[in-house]
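Coordinates as given in model.cif (mmCIF, C-alpha atoms):
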data_start
#
loop_
_atom_site.label_atom_id
_atom_site.label_comp_id
_atom_site.auth_asym_id
_atom_site.auth_seq_id
_atom_site.Cartn_x
_atom_site.Cartn_y
_atom_site.Cartn_z
CA MET A 1 124.98 114.56 136.51
CA ALA A 2 127.69 112.74 134.60
CA GLN A 3 129.74 114.64 132.06
CA ILE A 4 130.26 112.85 128.76
CA GLN A 5 133.31 113.89 126.74
CA ILE A 6 132.56 113.79 123.00
CA PRO A 7 135.52 113.01 120.70
CA SER A 8 136.16 115.49 117.89
CA PRO A 9 134.86 113.28 115.04
CA LEU A 10 131.45 113.03 116.72
CA ARG A 11 130.97 116.67 117.73
CA GLN A 12 129.20 117.48 114.48
CA TYR A 13 126.44 115.17 115.77
CA SER A 14 126.32 116.65 119.28
CA GLY A 15 125.60 120.23 118.32
CA LYS A 16 129.35 120.84 118.26
CA HIS A 17 129.50 120.35 122.02
CA ALA A 18 132.75 118.83 123.30
CA SER A 19 131.00 117.68 126.46
CA VAL A 20 127.41 116.98 127.41
CA GLU A 21 125.91 116.60 130.90
CA ILE A 22 123.32 113.88 131.31
CA PRO A 23 121.45 112.91 134.50
CA ALA A 24 122.18 109.21 134.96
CA LYS A 25 122.92 106.58 137.55
CA THR A 26 124.76 104.21 135.20
CA VAL A 27 126.90 104.40 132.08
CA GLY A 28 124.11 102.77 130.10
CA GLU A 29 121.63 105.43 131.22
CA ALA A 30 124.09 108.17 130.35
CA LEU A 31 124.68 106.84 126.82
CA THR A 32 120.97 106.28 126.30
CA GLY A 33 120.35 109.84 127.41
CA LEU A 34 123.06 111.09 125.09
CA VAL A 35 121.64 109.46 121.96
CA ALA A 36 118.13 110.55 122.95
CA LEU A 37 119.40 114.14 123.07
CA HIS A 38 121.50 113.75 119.90
CA PRO A 39 119.95 110.93 117.82
CA GLU A 40 122.52 111.23 115.02
CA LEU A 41 125.15 109.87 117.39
CA LYS A 42 123.42 106.53 117.68
CA ARG A 43 124.63 104.95 114.42
CA HIS A 44 128.19 106.00 115.15
CA LEU A 45 128.18 104.47 118.63
CA TYR A 46 125.95 101.44 118.14
CA THR A 47 125.52 98.64 115.60
CA ASP A 48 122.16 97.94 113.99
CA GLU A 49 121.71 95.28 116.68
CA GLY A 50 122.02 97.89 119.39
CA LYS A 51 125.46 96.85 120.65
CA LEU A 52 128.21 99.35 121.30
CA ARG A 53 130.62 99.23 118.35
CA ALA A 54 133.79 97.26 119.06
CA PHE A 55 136.07 100.22 118.34
CA VAL A 56 134.20 102.53 120.74
CA ASN A 57 135.91 102.57 124.13
CA VAL A 58 133.98 104.02 127.06
CA TYR A 59 135.84 105.08 130.16
CA VAL A 60 134.42 106.17 133.51
CA ASN A 61 137.08 108.53 134.80
CA ASP A 62 140.18 106.43 134.03
CA GLU A 63 138.59 102.99 134.03
CA ASP A 64 137.44 101.04 130.96
CA MET A 65 133.80 100.17 131.61
CA ARG A 66 134.41 96.72 130.07
CA TYR A 67 136.45 95.88 133.16
CA LEU A 68 133.89 97.33 135.54
CA GLN A 69 130.20 96.52 135.28
CA LYS A 70 129.97 97.51 131.61
CA GLU A 71 126.81 99.56 130.94
CA ALA A 72 125.67 98.84 134.50
CA THR A 73 128.69 100.68 135.90
CA ALA A 74 127.45 103.23 138.38
CA VAL A 75 128.19 106.91 137.82
CA LYS A 76 127.86 109.74 140.29
CA ASP A 77 127.93 113.52 140.15
CA GLY A 78 131.30 114.73 139.00
CA ASP A 79 132.20 111.54 137.13
CA THR A 80 133.51 111.90 133.59
CA ILE A 81 132.51 109.43 130.89
CA SER A 82 134.91 109.52 127.94
CA ILE A 83 134.00 108.13 124.54
CA VAL A 84 137.28 107.19 122.84
CA PRO A 85 137.31 105.56 119.40
CA SER A 86 140.28 103.24 118.93
CA ILE A 87 143.49 104.41 117.29
CA ALA A 88 145.31 101.61 115.52
CA GLY A 89 146.69 100.53 112.18
CA GLY A 90 149.88 99.34 110.55
CA ALA A 91 151.97 98.84 107.47
CA PRO A 92 151.07 96.31 104.80
CA ASP A 93 152.35 92.77 105.23
CA SER A 94 155.93 92.48 103.93
CA ALA A 95 155.02 89.83 101.36
CA ASN A 96 152.32 92.04 99.86
CA PHE A 97 154.73 94.98 99.74
CA ARG A 98 157.35 92.98 97.87
CA ARG A 99 154.75 91.82 95.34
CA ALA A 100 153.53 95.40 94.87
CA VAL A 101 157.07 96.69 94.27
CA ILE A 102 157.82 93.97 91.69
CA MET B 1 145.36 121.25 104.60
CA LEU B 2 147.51 120.44 107.59
CA GLU B 3 149.83 123.05 109.00
CA LEU B 4 152.47 121.27 111.06
CA ALA B 5 154.76 123.15 113.42
CA HIS B 6 158.37 122.46 112.43
CA SER B 7 159.17 121.17 115.91
CA ALA B 8 156.26 118.72 115.71
CA TYR B 9 157.35 117.55 112.26
CA VAL B 10 160.90 116.91 113.46
CA SER B 11 159.71 115.20 116.64
CA LEU B 12 157.39 112.72 115.00
CA ARG B 13 160.05 111.73 112.50
CA GLU B 14 162.63 111.32 115.26
CA HIS B 15 160.17 109.14 117.14
CA GLY B 16 159.99 106.79 114.14
CA GLU B 17 163.78 106.57 114.00
CA GLU B 18 164.02 105.82 117.71
CA THR B 19 161.51 102.98 117.64
CA TYR B 20 162.78 101.44 114.36
CA PRO B 21 162.35 98.62 113.37
CA HIS B 22 159.07 98.95 115.22
CA GLU B 23 156.20 101.31 114.44
CA CYS B 24 155.94 104.44 116.56
CA CYS B 25 152.65 106.23 117.26
CA GLY B 26 151.30 109.35 118.85
CA VAL B 27 148.81 112.18 118.85
CA LEU B 28 148.77 115.50 116.99
CA LEU B 29 147.55 118.38 119.15
CA GLY B 30 146.35 121.75 117.90
CA HIS B 31 143.24 123.30 116.41
CA PHE B 32 140.55 122.72 113.85
CA ASN B 33 140.30 125.93 111.83
CA ASP B 34 137.10 127.44 110.46
CA ASP B 35 138.25 126.93 106.88
CA GLY B 36 138.54 123.17 107.37
CA SER B 37 142.30 123.14 107.79
CA LYS B 38 144.08 121.95 110.90
CA THR B 39 147.04 123.38 112.75
CA VAL B 40 149.33 121.12 114.75
CA ALA B 41 151.16 122.85 117.58
CA ARG B 42 152.74 119.83 119.20
CA ILE B 43 152.77 116.04 119.33
CA ALA B 44 152.25 113.68 122.23
CA ARG B 45 154.24 110.46 121.98
CA CYS B 46 152.46 107.26 122.89
CA GLY B 47 153.57 103.71 123.48
CA ASN B 48 152.63 101.01 120.97
CA THR B 49 150.50 98.39 122.71
CA ARG B 50 150.88 95.93 119.80
CA ASP B 51 153.91 94.17 121.27
CA ASP B 52 152.75 91.05 119.44
CA SER B 53 153.57 92.60 116.05
CA PRO B 54 155.20 96.01 116.56
CA HIS B 55 157.11 95.94 113.25
CA ASN B 56 153.91 96.36 111.25
CA ARG B 57 151.09 97.15 113.72
CA TYR B 58 150.38 99.89 116.22
CA SER B 59 147.68 100.66 118.73
CA ILE B 60 147.37 103.46 121.26
CA ASP B 61 146.08 102.77 124.77
CA PRO B 62 142.77 104.65 125.20
CA ARG B 63 143.92 105.72 128.67
CA ASP B 64 146.76 107.62 127.00
CA LEU B 65 144.23 109.33 124.74
CA ILE B 66 142.09 110.36 127.70
CA ARG B 67 145.09 111.81 129.50
CA ILE B 68 146.40 113.58 126.38
CA GLN B 69 142.94 114.95 125.61
CA ARG B 70 142.57 116.28 129.17
CA GLU B 71 146.02 117.87 129.13
CA GLY B 72 145.32 119.34 125.71
CA ARG B 73 142.01 120.80 126.91
CA GLU B 74 143.86 122.58 129.72
CA ARG B 75 146.02 124.25 127.07
CA GLY B 76 143.07 124.98 124.80
CA GLU B 77 144.20 122.34 122.30
CA ASP B 78 142.34 119.51 120.63
CA MET B 79 143.42 116.16 119.24
CA VAL B 80 143.42 116.87 115.51
CA GLY B 81 145.08 113.68 114.37
CA PHE B 82 147.53 110.90 114.93
CA TYR B 83 150.87 109.80 113.57
CA HIS B 84 152.69 106.53 113.14
CA SER B 85 155.61 105.16 111.19
CA HIS B 86 156.04 102.45 108.58
CA PRO B 87 159.46 100.78 109.05
CA ASP B 88 160.81 99.99 105.56
CA HIS B 89 157.39 100.55 104.01
CA PRO B 90 156.03 103.49 102.02
CA ALA B 91 154.42 106.49 103.74
CA ARG B 92 151.03 105.49 102.34
CA TRP B 93 148.00 104.24 104.20
CA SER B 94 147.40 100.51 104.18
CA PRO B 95 144.14 98.54 104.22
CA THR B 96 144.79 97.97 107.93
CA ASP B 97 145.23 101.69 108.50
CA LEU B 98 141.86 102.37 106.87
CA ALA B 99 140.04 99.51 108.59
CA GLU B 100 141.24 100.73 112.00
CA ALA B 101 140.61 104.45 111.37
CA HIS B 102 137.54 105.94 113.05
CA TRP B 103 138.37 109.59 113.75
CA PHE B 104 136.58 111.31 110.88
CA GLY B 105 137.93 114.71 110.00
CA CYS B 106 141.26 114.01 111.66
CA SER B 107 144.66 113.70 110.04
CA TYR B 108 146.62 110.49 109.95
CA VAL B 109 150.30 111.25 109.40
CA ILE B 110 152.55 108.44 108.27
CA THR B 111 156.35 108.49 108.03
CA SER B 112 158.35 105.89 106.14
CA VAL B 113 161.48 104.98 108.06
CA GLU B 114 164.00 103.31 105.75
CA LYS B 115 166.84 101.41 107.38
CA GLY B 116 166.43 103.51 110.49
CA LYS B 117 166.23 106.95 108.83
CA ALA B 118 163.00 108.92 108.47
CA ALA B 119 162.30 109.38 104.77
CA ILE B 120 158.93 110.68 103.57
CA THR B 121 156.13 112.04 105.78
CA ASN B 122 152.62 112.19 104.32
CA SER B 123 149.27 113.13 105.77
CA PHE B 124 145.84 111.73 105.00
CA GLU B 125 142.47 112.96 106.22
CA LEU B 126 139.79 110.45 107.08
CA THR B 127 136.63 111.48 105.23
CA GLY B 128 133.16 110.01 104.89
CA SER B 129 130.02 109.89 106.93
CA ASP B 130 130.32 106.49 108.59
CA GLU B 131 132.17 103.15 108.57
CA GLY B 132 130.51 102.23 105.30
CA ASP B 133 131.92 105.03 103.15
CA LYS B 134 135.07 106.11 104.93
CA GLN B 135 138.19 106.79 102.92
CA PHE B 136 141.54 108.50 103.24
CA VAL B 137 142.28 111.49 101.04
CA ASP B 138 145.72 112.94 100.51
CA GLU B 139 146.16 116.03 102.64
CA HIS B 140 148.46 118.89 101.66
CA THR B 141 150.89 119.56 104.47
CA GLU B 142 152.79 122.74 105.20
CA ILE B 143 155.62 122.79 107.67
CA ALA B 144 155.42 126.08 109.59
#
Reformat the file's structure so that it appears as structure tokens.
Amino acid sequence: MAQIQIPSPLRQYSGKHASVEIPAKTVGEALTGLVALHPELKRHLYTDEGKLRAFVNVYVNDEDMRYLQKEATAVKDGDTISIVPSIAGGAPDSANFRRAVI
Amino acid sequence: MLELAHSAYVSLREHGEETYPHECCGVLLGHFNDDGSKTVARIARCGNTRDDSPHNRYSIDPRDLIRIQREGRERGEDMVGFYHSHPDHPARWSPTDLAEAHWFGCSYVITSVEKGKAAITNSFELTGSDEGDKQFVDEHTEIA
């Protein structure tokens, strides 16, 4: 069983569970199992084309699956899969700010 | 409503002053309350991975978030939001802030740092049901 950690913004779609255990041999199987159990999660994790959204980071223990075997990354009992939406942003461009102030 | 521990409020503002003229960033740790409000007990400072444009962009390494989330869980705390600074820019969310925001229900705290001194700190909650209708709403903040 792999344990999938659900980030706080998605817990309303996972029955308010902060973690879910799914029998799986790969990350892909685990995520497929997760959205089968909680279908409302699917649109938040995947695009309409079925690809994982670009801002959704998936880690197996402390490794980004993109740098492993992606969805084919093997998971074993005791592994933790973390779903981590990106955190980023920034101030407006300086030129736009000056125009806004004027 | 966001209830921010005084020590957390001071710390996140100091962080912005220390990293000026670059943006600082970090995590707000605490609890989601039953009435929809959030309580912030502490902050966790993070590094800004946007070393290509740190004066007006920030990004937090997901590995930091995993570690902070795990440490928070051990203390019974949750990630309830994030903070960053705007060097010589208003403490208002930008189009970039909204485009890059994905943690619905969480607070995004922004501090304007003017000529190296923390000025105004505001909080905004990310609302909506998905990427198509998300928006920031002003969030009343109380310093506890």
Enumerate, as a ChimeraX atom specification, the residues matched when the PyMOL selection byres ((chain A) within 12 of (chain B)) is run on the file above.
/A:5-13,18-19,40-47,53-65,80-98,100-101
Here is a test: counting only C-alpha atoms, which residue of A:Tyr67, A:Asp77, A:Leu34, A:Ala72 is nearest to Ile22 in chain A?
A:Leu34
Would you mind reading off the distance between CA of Glu125 in chain B and CA of Asp48 in chain A, one decimal, in Å?
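Computing it gives 26.4 Å between the two atoms.
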Between B:Arg42, B:His140, B:Lys115, B:Arg75, which has the minimum distance to Leu28 in chain B (counting all atoms listed in the file)?
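Comparing B:Arg42, B:His140, B:Lys115, B:Arg75 against Leu28 in chain B, the winner is B:Arg42.
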